[in-house]
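Next comes target_6.txt, with compact mmCIF, C-alpha atoms.
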```txt
# COMPACT_ATOMS: atom_id res chain seq x y z
CA MET V 1 38.02 9.93 -9.49
CA ASP V 2 40.51 8.19 -7.20
CA ALA V 3 41.41 4.83 -8.65
CA LEU V 4 41.16 1.57 -6.77
CA PRO V 5 44.29 -0.59 -6.64
CA ALA V 6 44.92 -2.28 -9.97
CA THR V 7 43.27 -5.68 -10.23
CA THR V 8 42.38 -8.10 -12.97
CA LEU V 9 38.78 -7.68 -14.08
CA GLU V 10 37.46 -11.20 -14.52
CA ASP V 11 33.92 -10.04 -15.18
CA ALA V 12 33.02 -8.23 -18.39
CA PRO V 13 30.97 -5.05 -17.97
CA ILE V 14 27.21 -5.42 -17.97
CA PHE V 15 27.08 -2.67 -20.60
CA ASP V 16 30.00 -2.71 -22.99
CA ALA V 17 31.29 0.83 -23.42
CA GLU V 18 31.57 0.65 -27.20
CA ALA V 19 28.38 -1.28 -27.89
CA PHE V 20 26.23 0.95 -25.70
CA ARG V 21 28.12 4.15 -26.59
CA LEU V 22 28.97 5.03 -23.00
CA THR V 23 30.73 8.26 -22.24
CA PRO V 24 34.32 7.99 -20.94
CA PHE V 25 33.03 9.03 -17.52
CA GLU V 26 30.38 6.29 -17.51
CA ALA V 27 32.90 3.66 -18.60
CA GLU V 28 35.37 4.73 -15.91
CA LEU V 29 32.76 4.88 -13.16
CA THR V 30 31.24 1.48 -13.94
CA ALA V 31 34.71 -0.10 -14.12
CA LYS V 32 35.48 1.36 -10.71
CA ALA V 33 32.24 -0.12 -9.35
CA ARG V 34 33.03 -3.51 -10.87
CA ARG V 35 36.45 -3.63 -9.23
CA PHE V 36 34.99 -2.48 -5.92
CA GLY V 37 32.15 -4.99 -6.11
CA ALA V 38 34.42 -7.93 -6.92
CA THR V 39 37.10 -7.16 -4.34
CA VAL V 40 35.11 -5.62 -1.48
CA LEU V 41 31.41 -6.47 -1.72
CA ALA V 42 31.39 -10.05 -2.97
CA PRO V 43 33.58 -11.55 -0.19
CA ARG V 44 31.30 -10.09 2.49
CA ALA V 45 27.87 -10.61 0.92
CA ALA V 46 27.13 -13.98 2.53
CA ARG V 47 27.80 -12.56 5.98
CA TRP V 48 25.21 -9.77 5.72
CA ASP V 49 22.69 -12.26 4.38
CA ARG V 50 23.37 -14.89 7.01
CA GLU V 51 23.19 -12.45 9.93
CA ALA V 52 20.51 -10.14 8.46
CA ALA V 53 23.01 -7.41 9.36
CA PHE V 54 23.53 -3.99 7.82
CA PRO V 55 26.72 -3.79 5.69
CA THR V 56 28.40 -1.10 7.78
CA ASP V 57 31.91 -2.09 6.68
CA ASN V 58 30.91 -1.65 3.04
CA TYR V 59 29.74 1.90 3.70
CA ARG V 60 33.03 2.84 5.31
CA ASP V 61 34.80 1.61 2.20
CA MET V 62 32.32 3.35 -0.12
CA HIS V 63 32.97 6.60 1.70
CA ARG V 64 36.70 6.16 1.20
CA GLU V 65 36.19 5.56 -2.54
CA GLY V 66 33.90 8.58 -2.93
CA LEU V 67 30.87 6.44 -3.78
CA LEU V 68 28.66 7.96 -1.10
CA GLY V 69 28.90 11.20 -3.08
CA ILE V 70 28.43 9.71 -6.54
CA CYS V 71 25.48 11.98 -7.44
CA ILE V 72 26.61 15.07 -5.54
CA PRO V 73 27.45 17.72 -8.17
CA GLU V 74 31.13 17.87 -9.05
CA ASP V 75 31.38 21.56 -8.16
CA GLU V 76 30.10 20.68 -4.69
CA GLY V 77 32.71 17.99 -4.08
CA GLY V 78 31.03 14.85 -5.46
CA LEU V 79 31.55 12.68 -8.52
CA GLY V 80 28.74 14.39 -10.43
CA ALA V 81 27.03 11.30 -11.88
CA ASP V 82 23.72 11.85 -13.66
CA PHE V 83 20.77 9.45 -13.60
CA ARG V 84 22.06 7.05 -16.26
CA ALA V 85 25.61 6.94 -14.95
CA TYR V 86 24.32 6.22 -11.45
CA CYS V 87 21.97 3.46 -12.64
CA MET V 88 24.68 1.59 -14.53
CA THR V 89 27.08 1.93 -11.59
CA ALA V 90 24.46 0.62 -9.18
CA ALA V 91 23.83 -2.36 -11.45
CA GLU V 92 27.53 -3.26 -11.32
CA LEU V 93 27.42 -3.20 -7.50
CA GLY V 94 24.16 -5.16 -7.43
CA ARG V 95 25.72 -8.13 -9.21
CA TYR V 96 28.07 -8.60 -6.22
CA CYS V 97 25.85 -7.74 -3.23
CA GLY V 98 22.19 -6.99 -3.76
CA ALA V 99 21.53 -5.75 -0.22
CA THR V 100 24.39 -3.27 -0.30
CA ALA V 101 23.37 -1.91 -3.71
CA LEU V 102 19.74 -1.57 -2.64
CA THR V 103 20.51 0.31 0.57
CA TRP V 104 23.07 2.44 -1.28
CA ASN V 105 20.26 3.44 -3.63
CA MET V 106 18.25 4.80 -0.69
CA HIS V 107 21.24 6.89 0.32
CA VAL V 108 22.14 8.09 -3.18
CA CYS V 109 18.60 9.23 -3.96
CA SER V 110 18.90 11.85 -1.22
CA THR V 111 21.61 13.44 -3.37
CA LEU V 112 20.26 12.61 -6.84
CA TRP V 113 16.83 14.03 -6.07
CA THR V 114 18.18 17.14 -4.41
CA GLY V 115 20.92 17.63 -7.00
CA ALA V 116 20.59 16.83 -10.70
CA LEU V 117 16.83 16.28 -10.49
CA THR V 118 15.97 19.62 -8.89
CA GLU V 119 18.11 21.49 -11.40
CA ASP V 120 15.59 20.37 -14.06
CA LEU V 121 12.56 21.63 -12.12
CA ASP V 122 10.88 25.01 -11.78
CA ILE V 123 12.00 26.79 -8.61
CA PRO V 124 11.84 30.56 -8.04
CA GLY V 125 15.28 32.18 -7.94
CA ASP V 126 15.36 32.92 -4.21
CA ALA V 127 14.05 29.46 -3.36
CA ARG V 128 16.67 27.82 -5.59
CA ALA V 129 19.49 29.70 -3.88
CA GLU V 130 18.14 28.68 -0.47
CA HIS V 131 17.77 25.07 -1.60
CA ARG V 132 21.38 24.96 -2.78
CA ARG V 133 22.54 26.39 0.53
CA ARG V 134 20.63 23.74 2.46
CA ARG V 135 21.63 20.81 0.30
CA ARG V 136 25.27 21.81 0.63
CA MET V 137 24.92 21.32 4.38
CA HIS V 138 23.65 17.77 3.81
CA TYR V 139 26.30 17.09 1.16
CA ASP V 140 29.10 18.21 3.47
CA ARG V 141 27.98 15.69 6.08
CA ILE V 142 28.18 12.92 3.50
CA LEU V 143 31.49 13.90 1.96
CA ALA V 144 33.36 14.86 5.12
CA ASP V 145 31.87 12.53 7.71
CA GLY V 146 30.52 9.64 5.67
CA ALA V 147 26.98 10.36 6.86
CA ILE V 148 24.44 7.85 5.56
CA TYR V 149 20.97 8.97 4.50
CA SER V 150 17.95 6.75 4.01
CA GLN V 151 14.64 7.26 2.25
CA PRO V 152 11.68 5.57 3.94
CA PHE V 153 8.60 5.44 1.70
CA SER V 154 6.14 2.81 2.79
CA GLU V 155 3.40 3.29 5.36
CA GLY V 156 1.15 0.32 4.62
CA GLY V 157 -1.30 2.32 2.49
CA ALA V 158 -1.53 3.90 -0.95
CA ALA V 159 0.80 6.83 -0.30
CA ALA V 160 4.02 5.11 -1.39
CA ALA V 161 2.36 4.25 -4.71
CA GLY V 162 1.54 7.92 -5.25
CA ALA V 163 -2.21 7.42 -4.88
CA ALA V 164 -2.71 9.27 -1.59
CA ALA V 165 -1.05 11.77 0.72
CA PHE V 166 1.55 10.44 3.14
CA GLY V 167 0.08 9.73 6.56
CA THR V 168 3.29 10.82 8.26
CA THR V 169 2.72 14.52 8.91
CA ALA V 170 4.72 17.65 9.58
CA ARG V 171 3.26 20.67 11.33
CA ARG V 172 4.97 24.04 11.21
CA VAL V 173 6.09 25.35 14.57
CA GLU V 174 8.46 28.14 15.51
CA GLY V 175 11.81 27.48 13.82
CA GLY V 176 10.84 24.30 12.00
CA PHE V 177 8.48 21.31 11.98
CA LEU V 178 7.04 18.67 14.31
CA ILE V 179 6.86 15.25 12.65
CA ASN V 180 4.50 12.43 13.63
CA GLY V 181 3.94 9.11 11.94
CA LYS V 182 5.29 5.70 11.03
CA LYS V 183 7.25 4.22 8.14
CA ILE V 184 7.37 0.46 7.53
CA PHE V 185 9.99 -1.53 5.61
CA ALA V 186 12.32 1.40 6.27
CA SER V 187 15.67 0.29 4.84
CA LEU V 188 18.73 1.24 6.90
CA ALA V 189 16.52 1.69 10.01
CA GLY V 190 18.81 1.98 13.00
CA HIS V 191 21.90 2.40 10.81
CA ALA V 192 21.38 5.59 8.79
CA ASN V 193 22.54 8.86 10.30
CA TYR V 194 19.64 10.77 8.72
CA TYR V 195 16.20 9.65 7.56
CA GLY V 196 14.89 11.46 4.47
CA ILE V 197 11.25 11.46 5.46
CA LEU V 198 8.45 12.07 2.97
CA CYS V 199 5.60 13.55 4.94
CA THR V 200 2.56 15.77 4.41
CA GLU V 201 2.46 19.30 5.75
CA VAL V 202 -0.65 19.83 7.88
CA HIS V 203 -2.82 22.87 7.21
CA ASP V 204 -5.57 23.30 9.79
CA GLY V 205 -9.03 22.77 8.38
CA GLU V 206 -7.71 21.25 5.13
CA LYS V 207 -7.52 17.68 3.92
CA LEU V 208 -4.03 16.21 3.57
CA SER V 209 -2.81 16.69 0.00
CA ARG V 210 -0.04 15.11 -2.05
CA ARG V 211 0.83 18.61 -3.23
CA ASP V 212 1.93 19.43 0.32
CA THR V 213 4.52 16.66 0.52
CA LEU V 214 7.70 17.68 2.33
CA TYR V 215 11.06 15.91 2.17
CA LEU V 216 12.85 16.40 5.49
CA GLY V 217 16.20 15.08 6.72
CA VAL V 218 15.61 13.82 10.26
CA PRO V 219 18.66 13.01 12.43
CA ALA V 220 18.53 9.44 13.70
CA THR V 221 19.40 10.80 17.16
CA ALA V 222 16.52 13.31 17.28
CA PRO V 223 14.27 12.89 20.35
CA GLY V 224 11.11 11.02 19.43
CA VAL V 225 12.70 8.82 16.72
CA THR V 226 12.54 5.12 17.51
CA VAL V 227 13.14 1.88 15.60
CA GLU V 228 10.97 -1.13 16.29
CA GLY V 229 10.25 -4.64 15.05
CA GLU V 230 12.29 -7.69 14.12
CA TRP V 231 14.00 -8.24 10.76
CA ASP V 232 14.20 -11.79 9.46
CA PRO V 233 12.96 -11.73 5.83
CA LEU V 234 13.25 -14.07 2.86
CA GLY V 235 15.78 -11.98 0.96
CA MET V 236 17.58 -8.63 0.89
CA ARG V 237 18.33 -9.37 4.50
CA GLY V 238 21.15 -6.86 4.80
CA THR V 239 18.81 -3.94 4.14
CA VAL V 240 17.55 -4.12 7.76
CA SER V 241 14.20 -2.58 6.85
CA ARG V 242 12.56 -2.24 10.27
CA ASN V 243 9.82 0.20 11.28
CA LEU V 244 10.48 3.85 12.08
CA ILE V 245 8.32 5.74 14.55
CA PHE V 246 8.20 9.55 14.81
CA LYS V 247 6.51 11.10 17.81
CA ASP V 248 6.64 14.90 18.05
CA VAL V 249 10.06 14.93 16.38
CA PHE V 250 11.33 18.48 15.91
CA VAL V 251 13.51 19.40 12.95
CA PRO V 252 14.62 22.91 11.98
CA GLU V 253 13.71 24.47 8.65
CA ASP V 254 17.21 23.71 7.34
CA ALA V 255 16.30 20.01 7.51
CA ALA V 256 14.36 20.47 4.25
CA LEU V 257 15.90 18.37 1.48
CA MET V 258 13.57 20.00 -1.05
CA PRO V 259 11.56 23.25 -1.00
CA PRO V 260 7.82 22.88 -0.23
CA GLY V 261 5.89 21.50 -3.19
CA LEU V 262 8.96 20.41 -5.13
CA TYR V 263 8.64 16.70 -4.39
CA PHE V 264 5.15 16.70 -5.95
CA GLN V 265 6.53 18.47 -9.02
CA ALA V 266 9.39 15.97 -9.25
CA ALA V 267 7.10 12.94 -8.91
CA THR V 268 4.85 14.36 -11.64
CA ARG V 269 7.45 15.68 -14.07
CA TRP V 270 10.48 13.38 -13.43
CA PRO V 271 8.82 9.97 -12.97
CA HIS V 272 11.97 8.00 -13.84
CA MET V 273 13.13 8.94 -10.34
CA PHE V 274 11.14 5.92 -9.18
CA MET V 275 13.19 3.50 -11.31
CA THR V 276 16.25 3.65 -9.04
CA LEU V 277 15.42 0.37 -7.28
CA SER V 278 15.77 -1.49 -10.58
CA PRO V 279 19.58 -1.27 -11.08
CA THR V 280 20.17 -3.68 -8.20
CA TYR V 281 18.02 -6.28 -9.94
CA MET V 282 19.64 -5.61 -13.31
CA GLY V 283 22.88 -6.57 -11.57
CA ILE V 284 21.32 -9.74 -10.17
CA CYS V 285 20.17 -10.69 -13.69
CA GLN V 286 23.78 -10.50 -14.86
CA ALA V 287 25.12 -12.28 -11.77
CA ALA V 288 22.79 -15.28 -12.18
CA TYR V 289 23.86 -15.67 -15.80
CA ASP V 290 27.56 -15.24 -14.94
CA PHE V 291 27.36 -17.88 -12.21
CA THR V 292 25.66 -20.39 -14.49
CA VAL V 293 28.27 -20.02 -17.22
CA LYS V 294 31.15 -20.41 -14.76
CA TYR V 295 29.48 -23.35 -13.04
CA LEU V 296 28.92 -25.25 -16.27
CA ARG V 297 32.50 -24.57 -17.30
CA GLY V 298 33.79 -25.86 -13.94
CA GLU V 299 35.20 -22.45 -12.96
CA VAL V 300 33.34 -21.58 -9.74
CA PRO V 301 35.83 -21.11 -6.88
CA GLY V 302 35.37 -23.64 -4.09
CA THR V 303 33.77 -26.30 -6.28
CA PRO V 304 35.40 -29.20 -8.10
CA PRO V 305 36.53 -28.27 -11.64
CA VAL V 306 33.90 -30.50 -13.21
CA LYS V 307 32.62 -29.40 -16.62
CA ARG V 308 28.94 -29.80 -17.42
CA ARG V 309 28.87 -27.73 -20.59
CA MET V 310 28.77 -30.69 -23.00
CA TYR V 311 25.12 -31.56 -22.31
CA PRO V 312 22.62 -30.20 -24.88
CA THR V 313 20.03 -29.46 -22.17
CA LYS V 314 22.52 -27.22 -20.38
CA GLN V 315 23.46 -25.46 -23.61
CA ILE V 316 19.81 -24.76 -24.42
CA ALA V 317 19.18 -23.40 -20.93
CA VAL V 318 22.16 -21.05 -21.16
CA ALA V 319 20.95 -19.88 -24.55
CA GLN V 320 17.54 -19.12 -23.07
CA MET V 321 19.19 -17.22 -20.23
CA ARG V 322 21.31 -15.19 -22.64
CA ILE V 323 18.27 -14.22 -24.71
CA MET V 324 16.36 -13.14 -21.61
CA LEU V 325 19.36 -11.20 -20.30
CA GLU V 326 19.91 -9.37 -23.59
CA GLN V 327 16.22 -8.46 -23.84
CA THR V 328 16.26 -7.13 -20.30
CA LYS V 329 19.44 -5.12 -20.79
CA ALA V 330 18.29 -3.53 -24.03
CA LEU V 331 14.92 -2.39 -22.70
CA TRP V 332 16.30 -1.20 -19.36
CA PHE V 333 19.19 0.71 -20.95
CA GLN V 334 16.83 2.52 -23.29
CA ALA V 335 14.56 3.42 -20.37
CA ILE V 336 17.34 4.89 -18.23
CA THR V 337 18.59 6.76 -21.30
CA ASP V 338 15.10 8.22 -21.80
CA ALA V 339 15.06 9.64 -18.26
CA ARG V 340 14.38 13.37 -18.28
CA PRO V 341 11.79 15.89 -17.13
CA ASP V 342 8.39 15.70 -18.83
CA PRO V 343 8.87 12.39 -20.68
CA THR V 344 6.58 11.47 -23.56
CA LYS V 345 3.85 8.89 -23.09
CA ASP V 346 5.95 6.31 -24.94
CA GLN V 347 8.98 7.03 -22.74
CA MET V 348 6.86 6.69 -19.61
CA MET V 349 5.35 3.40 -20.75
CA ARG V 350 8.80 2.10 -21.67
CA ALA V 351 9.98 2.94 -18.15
CA LEU V 352 7.14 0.94 -16.63
CA ALA V 353 7.79 -1.95 -19.02
CA ALA V 354 11.49 -1.89 -18.16
CA GLN V 355 10.80 -1.84 -14.43
CA TYR V 356 8.45 -4.80 -14.72
CA THR V 357 10.84 -6.70 -16.98
CA VAL V 358 13.88 -6.29 -14.75
CA MET V 359 12.04 -7.19 -11.55
CA GLU V 360 10.36 -10.28 -13.02
CA ASN V 361 13.29 -11.48 -15.12
CA ALA V 362 15.74 -11.27 -12.23
CA ASN V 363 13.81 -13.98 -10.43
CA ALA V 364 13.12 -15.94 -13.63
CA LEU V 365 16.83 -15.99 -14.49
CA CYS V 366 17.76 -17.08 -10.98
CA ALA V 367 15.16 -19.85 -11.06
CA LEU V 368 16.43 -21.08 -14.43
CA ALA V 369 20.00 -20.89 -13.15
CA ILE V 370 19.20 -23.12 -10.19
CA ARG V 371 17.38 -25.63 -12.37
CA THR V 372 20.26 -25.67 -14.85
CA CYS V 373 23.09 -25.90 -12.32
CA GLY V 374 21.31 -28.52 -10.22
CA GLY V 375 21.12 -29.40 -6.55
CA GLN V 376 24.53 -28.13 -5.52
CA SER V 377 23.55 -24.59 -6.52
CA MET V 378 20.97 -24.53 -3.70
CA LEU V 379 23.69 -24.71 -1.05
CA LYS V 380 24.26 -21.58 1.00
CA SER V 381 27.97 -21.96 0.43
CA LEU V 382 27.35 -20.72 -3.12
CA PRO V 383 25.86 -17.29 -4.00
CA LEU V 384 23.09 -18.42 -6.37
CA GLU V 385 20.76 -19.41 -3.54
CA ARG V 386 21.07 -15.88 -2.08
CA MET V 387 20.55 -14.29 -5.50
CA TYR V 388 17.34 -16.28 -5.91
CA ARG V 389 15.92 -15.09 -2.60
CA ASP V 390 17.03 -11.49 -3.18
CA SER V 391 15.56 -11.49 -6.68
CA ARG V 392 12.10 -12.46 -5.45
CA CYS V 393 11.82 -9.19 -3.49
CA GLY V 394 12.08 -6.74 -6.40
CA ALA V 395 8.60 -7.13 -7.88
CA LEU V 396 7.07 -6.28 -4.49
CA MET V 397 8.80 -2.95 -3.97
CA LEU V 398 6.90 0.31 -4.04
CA PRO V 399 6.34 2.72 -5.62
CA TRP V 400 6.43 0.69 -8.86
CA THR V 401 5.55 -2.89 -7.98
CA ALA V 402 5.13 -5.35 -10.84
CA GLU V 403 1.35 -5.27 -10.36
CA LEU V 404 1.21 -1.48 -10.45
CA CYS V 405 3.35 -1.42 -13.60
CA LEU V 406 0.96 -3.80 -15.35
CA ASP V 407 -2.06 -1.82 -14.17
CA ARG V 408 -0.71 1.47 -15.47
CA LEU V 409 0.55 0.00 -18.74
CA GLY V 410 -2.81 -1.54 -19.54
CA ARG V 411 -4.80 1.53 -18.62
CA ASP V 412 -2.53 4.00 -20.42
CA THR V 413 -2.44 1.86 -23.55
CA LEU V 414 -6.22 1.88 -23.89
CA TYR V 415 -6.98 5.38 -22.60
CA GLU V 416 -5.62 8.75 -23.57
CA LYS V 417 -5.48 11.43 -20.91
CA GLY V 418 -8.98 12.59 -19.97
CA GLU V 419 -10.82 9.66 -21.59
CA VAL V 420 -13.41 7.80 -19.52
CA ASP V 421 -16.13 5.21 -20.14
```
Written as structure tokens, that's how I'd like the structure from this file.
Amino acid sequence: MDALPATTLEDAPIFDAEAFRLTPFEAELTAKARRFGATVLAPRAARWDREAAFPTDNYRDMHREGLLGICIPEDEGGLGADFRAYCMTAAELGRYCGATALTWNMHVCSTLWTGALTEDLDIPGDARAEHRRRRRMHYDRILADGAIYSQPFSEGGAAAAGAAAFGTTARRVEGGFLINGKKIFASLAGHANYYGILCTEVHDGEKLSRRDTLYLGVPATAPGVTVEGEWDPLGMRGTVSRNLIFKDVFVPEDAALMPPGLYFQAATRWPHMFMTLSPTYMGICQAAYDFTVKYLRGEVPGTPPVKRRMYPTKQIAVAQMRIMLEQTKALWFQAITDARPDPTKDQMMRALAAQYTVMENANALCALAIRTCGGQSMLKSLPLERMYRDSRCGALMLPWTAELCLDRLGRDTLYEKGEVD
């Protein structure tokens, strides 16, 4: 990896390399992300939040540092990060700018899913060779041109939660597909170069089926693609998640990011793929704790060097935050380490528990940080107020919302597969 200019790392790693037994590659990659986050992302984060603007400048810099290709296989020109290495790197970026880390996740998944994930799945030999040829075309756009991919899921129904077929459809025509439909809360809308659309292939006379899900890379400039709606949300404002409309949008067969049927296999056999929203919020957990410690020690830049650490109430609050942070880190790290095809029931339930814990504890830590630091911490001139608003969004995000995690954990604890009452 190309190294960033040498700088002093003021922030300790979220996951200490020795304590968590990181590989040298993981330690190097997360250190790179920490330097990049502190020097590039943090100074700009308030601007994207204030303007509800997409962090275009950050993406130019991420391209220069090779971060747009983090999960592209090394032999295809990328950094070759696997699932765990990516998650820890994303957490380091999330502690400095939640919106950038969250949108970056949407981009990276287009390479993680088509790269390391598909290598673990069953694909006939000819289909695998064709898939690798096609993905190389997408990878080259990212590596050479800095192309940005997005990954719109939501449609306002049960499809994004995996309970129904996607309502956005693709019909085979000569040379490719015609796409029709709508995606809501589509992060990067109007700013991505390609939209990785999950849609259902239409077979005349047959009901739409999740098994027929296609994953197609649609150029943002394709005729029939439009972006609509305003974007002025509570938090994660820089994601610019407006609505995407597809009306008779033609894409050639080479637009396929996965072979037919492979997305369904991935969603069934590699369920940890749906945890990739959580690293951003793991980073926010750490950031809220870091801010509180610095604030109480009188070390926050731009504020008077007044120490508040001598008060027992503050000490108790920080202790509570540290306990919550350590619990969250331990569970989440084990879950991302478990990630693999065909996980056991315990591994799957741990993943759901980790997702729920990170999403809920991010907001709980931010709330406790504000209460502990006091009124000044609510000012928009300080980052804690933004962290609080950003943290509230995580539990609402499909496909694994906090409610869905609880529902599945309760059901799967009390029922074995096939049992009914």
Measuring between all atoms listed in the file, which one of V:Gly66, V:Ala164, V:Ile179, V:Ser187 shows the shortest distance to Ala144 in chain V?
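Looking only at the distances to Ala144 in chain V, the closest residue turns out to be V:Gly66.
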List as a PyMOL selection string the protein and nucleic acid residues near Arg408 in chain V, meaning an atom at most 10 Å away when all atoms listed in the file are counted, but skip any in the same chain fewer than 6 places from it.
chain V and resi 349+352-353+400
Would you mind listing, for every residue of range 218-282 of chain V within 10 Å of range 112-124 of chain V, the two atoms forming the shortest contact and the distance between them in Å to one decimal, using all atoms listed in the file, sorted by chain and ascending residue number, as a Markdown table?
```
| residue | atom | partner | partner_atom | distance |
| --- | --- | --- | --- | --- |
| V:Leu257 | CA | V:Thr114 | CA | 6.4 |
| V:Met258 | CA | V:Thr114 | CA | 6.4 |
| V:Pro259 | CA | V:Ile123 | CA | 8.4 |
| V:Gly261 | CA | V:Ile123 | CA | 9.7 |
| V:Leu262 | CA | V:Ile123 | CA | 7.9 |
| V:Tyr263 | CA | V:Trp113 | CA | 8.8 |
| V:Gln265 | CA | V:Leu121 | CA | 7.5 |
| V:Ala266 | CA | V:Leu121 | CA | 7.1 |
| V:Arg269 | CA | V:Leu121 | CA | 8.1 |
| V:Trp270 | CA | V:Leu117 | CA | 7.6 |
| V:Met273 | CA | V:Trp113 | CA | 7.6 |
```
Please return the centre and edge lengths, in Å to one decimal, of a box with edges along x, y and z that contains all listed atoms of range 133-143 of chain V, widened by 3 Å on every side, as JSON.
```
{"center_x": 26.1, "center_y": 19.7, "center_z": 3.2, "size_x": 16.9, "size_y": 19.5, "size_z": 11.8}
```
With only C-alpha atoms as the basis for distance, which of V:Leu406, V:Ala45, V:Val240, V:Cys393 is at the shortest distance from Glu228 in chain V?
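Between V:Leu406, V:Ala45, V:Val240, V:Cys393, the residue approaching Glu228 in chain V most closely is V:Val240.
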Please tabulate, as a Markdown table, the residues of range 77-126 of chain V that come within 10 Å of range 10-27 of chain V, each with its closest pair of atoms and the distance in Å to one decimal, counting all atoms listed in the file and ordering rows by chain, then residue number upward.
```
| residue | atom | partner | partner_atom | distance |
| --- | --- | --- | --- | --- |
| V:Leu79 | CA | V:Phe25 | CA | 9.8 |
| V:Gly80 | CA | V:Phe25 | CA | 9.9 |
| V:Ala81 | CA | V:Glu26 | CA | 8.2 |
| V:Asp82 | CA | V:Glu26 | CA | 9.5 |
| V:Arg84 | CA | V:Glu26 | CA | 8.4 |
| V:Ala85 | CA | V:Glu26 | CA | 5.5 |
| V:Tyr86 | CA | V:Glu26 | CA | 8.6 |
| V:Met88 | CA | V:Phe15 | CA | 7.8 |
| V:Thr89 | CA | V:Glu26 | CA | 8.1 |
| V:Ala91 | CA | V:Ile14 | CA | 8.0 |
| V:Glu92 | CA | V:Ile14 | CA | 7.0 |
| V:Arg95 | CA | V:Ile14 | CA | 9.3 |
```
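We find CA of Glu299 in chain V and CA of Ser381 in chain V to be spaced 15.2 Å apart.
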Contact residues around range 50-53 of chain V with all atoms listed in the file at 6 Å, ignoring same-chain residues under 2 positions, as a list in words
Ala46, Arg47, Trp48, Arg237 and Gly238 of chain V
I'd like the interatomic distance between CA of Met282 in chain V and CA of Val306 in chain V, to a tenth of an Å.
28.7 Å
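With all atoms listed in the file as the atoms that count, the minimum distance from Arg134 in chain V to the choices V:Ala256, V:Ala354, V:Ile323, V:Ile284 is reached by V:Ala256.
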Between V:Ile197, V:Ala319, V:Ala369, V:Met106, single out the one closest to Gly181 in chain V, counting only C-alpha atoms.
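Answer, going by the shortest atom-to-atom distance: V:Ile197.
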